[in-house]
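Below is one structure; the comments refer to it alone.
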Amino acid sequence: MSRNSTYQQDLIAIAEQELARGRIHRRDFLWLTAALGAVPALGLGPASAQTRDLTIANFGGEATKHYTTAWTDPFTIDTGVKVKIDGGGPLPGKIKSQVDAKNVIWDVADGDGYYSPQLGPQGYLEPIDYTIVDRKNVWENWAWPYAVNNYTYSYVLAYDTTKVKGVPSWADFFDTKKYPGKRAMFKYFQGTGEQILLGDGVAPDQIYPLDMKRVIAKAKSLGKDFFLWDSGAASQQMFLDGEVVMASIWHTRAYLLKRDTKGRIDFTWIEGLRCPGAWVIPKGVKDVKLCNQFIASTLDPARQVKLLDLLGNGPSNPRGSQLASGEITAKDPSNAANLKLQITRDEDWYARFGDDALDQWLDGMSG
């Protein structure tokens, strides 16, 4: 090796250290390594990094800001790839529409575990590359052929403490005499039916298969006191605007409401519904390998704990739950104390019957 080559390597090593410490900007690092005729060892070379951006789809609201801090900015620092977050709500129907139209605008979508058996075999998803994504970095049985667990979340009962005394139950949710006012649940159903049945007296171990006729009849019994929210941001705003007395919402949004209202809005884990969030890659994206590299980067335990701290999303990496400590463990749906109070959603049921159930639900609630 020539003295000049050794000198170049020394300069690059120093530059890498300065980049890691935040003392130089990424573009300056790339310029230096390019000038020296070298390719930085960051997983992607500078040419590749400059030719591809990624668009990640999630459900909007504060999740966009916190995904940026915990996941997308660190990936950009690692690779130079810019990541845009689209909060348009990547429900299965929207993914199917993009693929059918051959106009896929989301590289990686934030979905649910049941997306894999529901959409994958139909040709709407790229398979997850488990030579890049490590199965050991997610909870057991939550690494599917076409999806991989990215965090855990729960549907919980949130309530306005100025209008509800004590901790309400799902039976109380349907008791408008005891607690007058409006209630709300998720329009697109993925955690709605279970809690309606709990409110109708069904035992937790008897929830599945969901009795859709019973679900719809019970929901409609609330009449004008019941409405549906369709985005995470909307679920927060209806409480901030005083529209609802109580609602089934994602625990992440309930946590933010509790924090931002200084406890005026609270929530309970009792009979919450624990669910696996999951990354999926719509069929037809331009760079499947890069998508898998992004997914793998988000499973880093420290980055998962960062999202838990900021937003309340439970780690999908068991090492993340082990790494978490102090007060933030109380936000984790998979924390032992919280888990024992909840039921876990049946992803296989949703894969087989979810589309029909959603159609019945939307038809029933529109009539």
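The chains in the structure tokens are called A, B, ... from first to last as shown; in each chain the residues are counted from 1, and the ligands are counted from 1 in the order shown.
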List as a tab-separated table every residue of range 193-282 of chain A that is in contact with range 331-352 of chain A, defined as an atom at most 8 Å from one of its atoms (using only C-alpha atoms), together with the nearest atom pair and the distance in Å rounded to one decimal, sorted by chain and then rising number.
residue	atom	partner	partner_atom	distance
A:Pro204	CA	A:Ile343	CA	6.9
A:Tyr208	CA	A:Trp349	CA	7.8
A:Pro209	CA	A:Trp349	CA	7.2
A:Tyr255	CA	A:Lys331	CA	7.6
A:Trp269	CA	A:Leu341	CA	6.2
A:Ile270	CA	A:Leu341	CA	5.0
A:Glu271	CA	A:Gln342	CA	4.7
A:Gly272	CA	A:Gln342	CA	4.8
A:Leu273	CA	A:Ile343	CA	5.2
A:Arg274	CA	A:Thr344	CA	4.6
A:Cys275	CA	A:Arg345	CA	5.5
Serialized selection, N, CA and C atoms, as a PDB file, in the first residue's frame:
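Listing of out03.pdb after writing:
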ATOM      1  N   PRO A 204     -63.445 -11.829  27.256  1.00  0.00           N
ATOM      2  CA  PRO A 204     -62.282 -11.616  26.401  1.00  0.00           C
ATOM      3  C   PRO A 204     -61.856 -12.843  25.602  1.00  0.00           C
ATOM      4  N   TYR A 208     -63.316 -13.803  19.476  1.00  0.00           N
ATOM      5  CA  TYR A 208     -63.200 -14.284  18.091  1.00  0.00           C
ATOM      6  C   TYR A 208     -63.923 -15.621  17.934  1.00  0.00           C
ATOM      7  N   PRO A 209     -64.581 -15.792  16.773  1.00  0.00           N
ATOM      8  CA  PRO A 209     -64.723 -14.855  15.641  1.00  0.00           C
ATOM      9  C   PRO A 209     -65.695 -13.722  15.979  1.00  0.00           C
ATOM     10  N   TYR A 255     -51.570   8.809  25.108  1.00  0.00           N
ATOM     11  CA  TYR A 255     -50.436   9.277  25.908  1.00  0.00           C
ATOM     12  C   TYR A 255     -50.150  10.752  25.638  1.00  0.00           C
ATOM     13  N   TRP A 269     -55.399   0.928  30.420  1.00  0.00           N
ATOM     14  CA  TRP A 269     -54.962  -0.264  29.687  1.00  0.00           C
ATOM     15  C   TRP A 269     -55.962  -1.414  29.852  1.00  0.00           C
ATOM     16  N   ILE A 270     -56.874  -1.315  30.793  1.00  0.00           N
ATOM     17  CA  ILE A 270     -57.791  -2.421  31.065  1.00  0.00           C
ATOM     18  C   ILE A 270     -58.623  -2.731  29.826  1.00  0.00           C
ATOM     19  N   GLU A 271     -58.579  -3.985  29.394  1.00  0.00           N
ATOM     20  CA  GLU A 271     -59.264  -4.453  28.187  1.00  0.00           C
ATOM     21  C   GLU A 271     -58.875  -3.642  26.957  1.00  0.00           C
ATOM     22  N   GLY A 272     -57.607  -3.203  26.933  1.00  0.00           N
ATOM     23  CA  GLY A 272     -57.053  -2.654  25.708  1.00  0.00           C
ATOM     24  C   GLY A 272     -56.799  -3.776  24.710  1.00  0.00           C
ATOM     25  N   LEU A 273     -56.606  -3.410  23.462  1.00  0.00           N
ATOM     26  CA  LEU A 273     -56.354  -4.401  22.411  1.00  0.00           C
ATOM     27  C   LEU A 273     -54.951  -4.182  21.868  1.00  0.00           C
ATOM     28  N   ARG A 274     -54.029  -5.092  22.203  1.00  0.00           N
ATOM     29  CA  ARG A 274     -52.626  -4.988  21.780  1.00  0.00           C
ATOM     30  C   ARG A 274     -52.483  -5.491  20.347  1.00  0.00           C
ATOM     31  N   CYS A 275     -51.767  -4.716  19.530  1.00  0.00           N
ATOM     32  CA  CYS A 275     -51.658  -5.014  18.104  1.00  0.00           C
ATOM     33  C   CYS A 275     -50.214  -4.846  17.630  1.00  0.00           C
TER      34      CYS A 275
END
Item to complete: For Ile196 in chain A, work out the shell of residues within 9 Å, counting only C-alpha atoms and skipping chain neighbours fewer than 5 positions away, then give it as a ChimeraX atom specification.
Response: /A:170-171,173-174,201-202,214-216,218-219
Discussion item. When you look at Gly61 in chain A with a cut-off of 12 Å (counting only C-alpha atoms), what residues show up, excluding the ones that are within fewer than 5 positions of it in the same chain? I need them as a PyMOL selection string.
Written reply: chain A and resi 66-67+85-89+230-237+252-253+256+311
Write the residues of the selection above to a file with C-alpha atoms, as a short mmCIF file (atom, residue, chain, number, x, y, z; two decimals), in the first residue's frame.
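The resulting file, selection_24.cif, is shown below:
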data_model
loop_
_atom_site.label_atom_id
_atom_site.label_comp_id
_atom_site.auth_asym_id
_atom_site.auth_seq_id
_atom_site.Cartn_x
_atom_site.Cartn_y
_atom_site.Cartn_z
CA HIS A 66 -41.30 11.66 16.08
CA TYR A 67 -40.64 9.12 13.31
CA ILE A 85 -42.96 11.00 5.53
CA ASP A 86 -46.47 11.05 4.05
CA GLY A 87 -49.17 11.02 6.74
CA GLY A 88 -51.87 9.87 4.32
CA GLY A 89 -52.88 6.74 6.23
CA ASP A 230 -60.43 8.45 10.60
CA SER A 231 -56.89 9.56 11.47
CA GLY A 232 -54.61 9.75 14.46
CA ALA A 233 -54.62 13.53 14.31
CA ALA A 234 -58.43 13.61 14.30
CA SER A 235 -58.57 11.30 17.32
CA GLN A 236 -56.54 13.82 19.30
CA GLN A 237 -58.35 16.89 18.06
CA THR A 252 -49.86 6.55 21.49
CA ARG A 253 -52.35 9.35 20.90
CA LEU A 256 -49.88 12.53 24.01
CA LEU A 311 -44.52 8.82 21.11
#
Discussion item. Report, in Å with one decimal, the straight-line distance from CA of Asn58 in chain A to CA of Ile95 in chain A.
Written reply: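 Interatomic distance, CA of Asn58 in chain A to CA of Ile95 in chain A: 12.0 Å.
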Worksheet item: Can you list, as an MDAnalysis selection string, every protein, DNA or RNA residue that comes within 7 Å of range 142-152 of chain A when you count only C-alpha atoms, leaving out same-chain residues fewer than 2 positions away?
Response: chainID A and resid 113 116 120 125:128 135 138:140 275:280 299 313:316 333
Item to complete: Can you work out which one of A:Val83, A:Gly284, A:Asp110, A:Leu119 has the shortest atom-to-atom distance to Ala57 in chain A, counting only C-alpha atoms?
Response: A:Asp110
Discussion item. I'd like the neighbourhood of range 154-161 of chain A as a ChimeraX atom specification, where a residue qualifies if any of its atoms comes within 7 Å (using only C-alpha atoms), though same-chain residues fewer than 4 positions away should be ignored.
Written reply: /A:165,191,245-251,254,264-269,272-275,333
What are the closest atom pairs, with distances in Å to one decimal, for each residue of range 236-307 of chain A lying within 12 Å of range 325-329 of chain A, using only C-alpha atoms, rows by chain and rising residue number, as a Markdown table?
| residue | atom | partner | partner_atom | distance |
| --- | --- | --- | --- | --- |
| A:Tyr255 | CA | A:Ile328 | CA | 10.9 |
| A:Ala302 | CA | A:Ser325 | CA | 11.8 |
| A:Gln304 | CA | A:Ile328 | CA | 11.9 |
| A:Val305 | CA | A:Ile328 | CA | 8.7 |
| A:Lys306 | CA | A:Ile328 | CA | 9.8 |
| A:Leu307 | CA | A:Ile328 | CA | 10.3 |
Discussion item. List the spatial neighbours of Phe189 in chain A as a list in words - criterion: any atom at most 9 Å away, only C-alpha atoms, same-chain residues fewer than 3 positions off excluded.
Written reply: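 My reading of the contact set: Met185, Phe186, Thr192, Gly193, Gly354, Ala357, Leu358, Trp361 and Leu362 of chain A.
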Worksheet item: Which residues, written as a PyMOL selection string, have at least one atom at most 12 Å from Gln98 in chain A, with only C-alpha atoms counted and residues fewer than 2 positions away on the same chain left out?
Response: chain A and resi 90-96+100-107+109+124-125+281-285
Export of the given selection (N, CA and C atoms) as a PDB file, in the first residue's frame:
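Output file result-v4.pdb follows:
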ATOM      1  N   PRO A  90     -51.803   4.706   5.378  1.00  0.00           N
ATOM      2  CA  PRO A  90     -51.632   3.592   4.428  1.00  0.00           C
ATOM      3  C   PRO A  90     -52.504   2.377   4.743  1.00  0.00           C
ATOM      4  N   LEU A  91     -53.805   2.540   4.595  1.00  0.00           N
ATOM      5  CA  LEU A  91     -54.723   1.421   4.778  1.00  0.00           C
ATOM      6  C   LEU A  91     -54.615   0.462   3.588  1.00  0.00           C
ATOM      7  N   PRO A  92     -55.036  -0.793   3.763  1.00  0.00           N
ATOM      8  CA  PRO A  92     -54.879  -1.774   2.684  1.00  0.00           C
ATOM      9  C   PRO A  92     -55.470  -1.324   1.354  1.00  0.00           C
ATOM     10  N   GLY A  93     -56.655  -0.713   1.383  1.00  0.00           N
ATOM     11  CA  GLY A  93     -57.285  -0.277   0.149  1.00  0.00           C
ATOM     12  C   GLY A  93     -56.456   0.749  -0.606  1.00  0.00           C
ATOM     13  N   LYS A  94     -55.775   1.633   0.119  1.00  0.00           N
ATOM     14  CA  LYS A  94     -54.943   2.650  -0.521  1.00  0.00           C
ATOM     15  C   LYS A  94     -53.704   2.018  -1.157  1.00  0.00           C
ATOM     16  N   ILE A  95     -53.121   1.039  -0.480  1.00  0.00           N
ATOM     17  CA  ILE A  95     -51.967   0.339  -1.053  1.00  0.00           C
ATOM     18  C   ILE A  95     -52.384  -0.398  -2.325  1.00  0.00           C
ATOM     19  N   LYS A  96     -53.512  -1.076  -2.275  1.00  0.00           N
ATOM     20  CA  LYS A  96     -54.006  -1.810  -3.444  1.00  0.00           C
ATOM     21  C   LYS A  96     -54.273  -0.865  -4.613  1.00  0.00           C
ATOM     22  N   ASP A 100     -52.471  -1.266  -8.177  1.00  0.00           N
ATOM     23  CA  ASP A 100     -53.317  -1.518  -9.348  1.00  0.00           C
ATOM     24  C   ASP A 100     -53.126  -0.447 -10.418  1.00  0.00           C
ATOM     25  N   ALA A 101     -52.945   0.795  -9.978  1.00  0.00           N
ATOM     26  CA  ALA A 101     -52.767   1.904 -10.919  1.00  0.00           C
ATOM     27  C   ALA A 101     -51.333   2.015 -11.426  1.00  0.00           C
ATOM     28  N   LYS A 102     -50.452   1.150 -10.927  1.00  0.00           N
ATOM     29  CA  LYS A 102     -49.024   1.205 -11.258  1.00  0.00           C
ATOM     30  C   LYS A 102     -48.458   2.604 -10.983  1.00  0.00           C
ATOM     31  N   ASN A 103     -48.886   3.150  -9.861  1.00  0.00           N
ATOM     32  CA  ASN A 103     -48.448   4.476  -9.436  1.00  0.00           C
ATOM     33  C   ASN A 103     -48.139   4.426  -7.941  1.00  0.00           C
ATOM     34  N   VAL A 104     -47.124   3.648  -7.587  1.00  0.00           N
ATOM     35  CA  VAL A 104     -46.763   3.443  -6.184  1.00  0.00           C
ATOM     36  C   VAL A 104     -45.933   4.633  -5.717  1.00  0.00           C
ATOM     37  N   ILE A 105     -46.474   5.409  -4.784  1.00  0.00           N
ATOM     38  CA  ILE A 105     -45.774   6.595  -4.281  1.00  0.00           C
ATOM     39  C   ILE A 105     -45.186   6.383  -2.896  1.00  0.00           C
ATOM     40  N   TRP A 106     -45.540   5.264  -2.247  1.00  0.00           N
ATOM     41  CA  TRP A 106     -44.991   4.947  -0.927  1.00  0.00           C
ATOM     42  C   TRP A 106     -43.991   3.812  -1.061  1.00  0.00           C
ATOM     43  N   ASP A 107     -42.760   4.057  -0.610  1.00  0.00           N
ATOM     44  CA  ASP A 107     -41.745   3.004  -0.660  1.00  0.00           C
ATOM     45  C   ASP A 107     -41.928   2.003   0.474  1.00  0.00           C
ATOM     46  N   ALA A 109     -44.578   1.333   3.899  1.00  0.00           N
ATOM     47  CA  ALA A 109     -45.823   1.761   4.525  1.00  0.00           C
ATOM     48  C   ALA A 109     -45.943   1.181   5.925  1.00  0.00           C
ATOM     49  N   TYR A 124     -49.713  -7.686  -3.850  1.00  0.00           N
ATOM     50  CA  TYR A 124     -49.674  -6.260  -3.560  1.00  0.00           C
ATOM     51  C   TYR A 124     -48.464  -5.833  -2.734  1.00  0.00           C
ATOM     52  N   LEU A 125     -47.674  -6.776  -2.252  1.00  0.00           N
ATOM     53  CA  LEU A 125     -46.524  -6.451  -1.419  1.00  0.00           C
ATOM     54  C   LEU A 125     -45.273  -7.179  -1.897  1.00  0.00           C
ATOM     55  N   ILE A 281     -43.804  -3.276   2.159  1.00  0.00           N
ATOM     56  CA  ILE A 281     -43.250  -2.635   0.959  1.00  0.00           C
ATOM     57  C   ILE A 281     -44.217  -2.873  -0.188  1.00  0.00           C
ATOM     58  N   PRO A 282     -44.911  -1.848  -0.664  1.00  0.00           N
ATOM     59  CA  PRO A 282     -45.849  -2.054  -1.777  1.00  0.00           C
ATOM     60  C   PRO A 282     -45.147  -2.619  -3.016  1.00  0.00           C
ATOM     61  N   LYS A 283     -45.837  -3.473  -3.719  1.00  0.00           N
ATOM     62  CA  LYS A 283     -45.287  -4.081  -4.919  1.00  0.00           C
ATOM     63  C   LYS A 283     -45.023  -3.016  -5.978  1.00  0.00           C
ATOM     64  N   GLY A 284     -43.827  -3.033  -6.528  1.00  0.00           N
ATOM     65  CA  GLY A 284     -43.508  -2.107  -7.611  1.00  0.00           C
ATOM     66  C   GLY A 284     -42.645  -0.928  -7.219  1.00  0.00           C
ATOM     67  N   VAL A 285     -42.154  -0.885  -5.979  1.00  0.00           N
ATOM     68  CA  VAL A 285     -41.251   0.202  -5.602  1.00  0.00           C
ATOM     69  C   VAL A 285     -39.953   0.085  -6.401  1.00  0.00           C
TER      70      VAL A 285
END
Item to complete: Could you check how far CA of Val164 in chain A sits from CA of Tyr179 in chain A, in Å to one decimal?
Response: 6.6 Å
Fill in: Every residue of range 94-229 of chain A that DSSP places in helix (DSSP H, G or I), as a PyMOL selection string
chain A and resi 94-100+115-119+135-137+170-173+192-199+204-206+212-220+223-225
Worksheet item: What does the distance from CA of Trp229 in chain A to CA of Lys65 in chain A come to in Å, to one decimal?
Response: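 According to the coordinates, CA of Trp229 in chain A and CA of Lys65 in chain A are separated by 20.9 Å.
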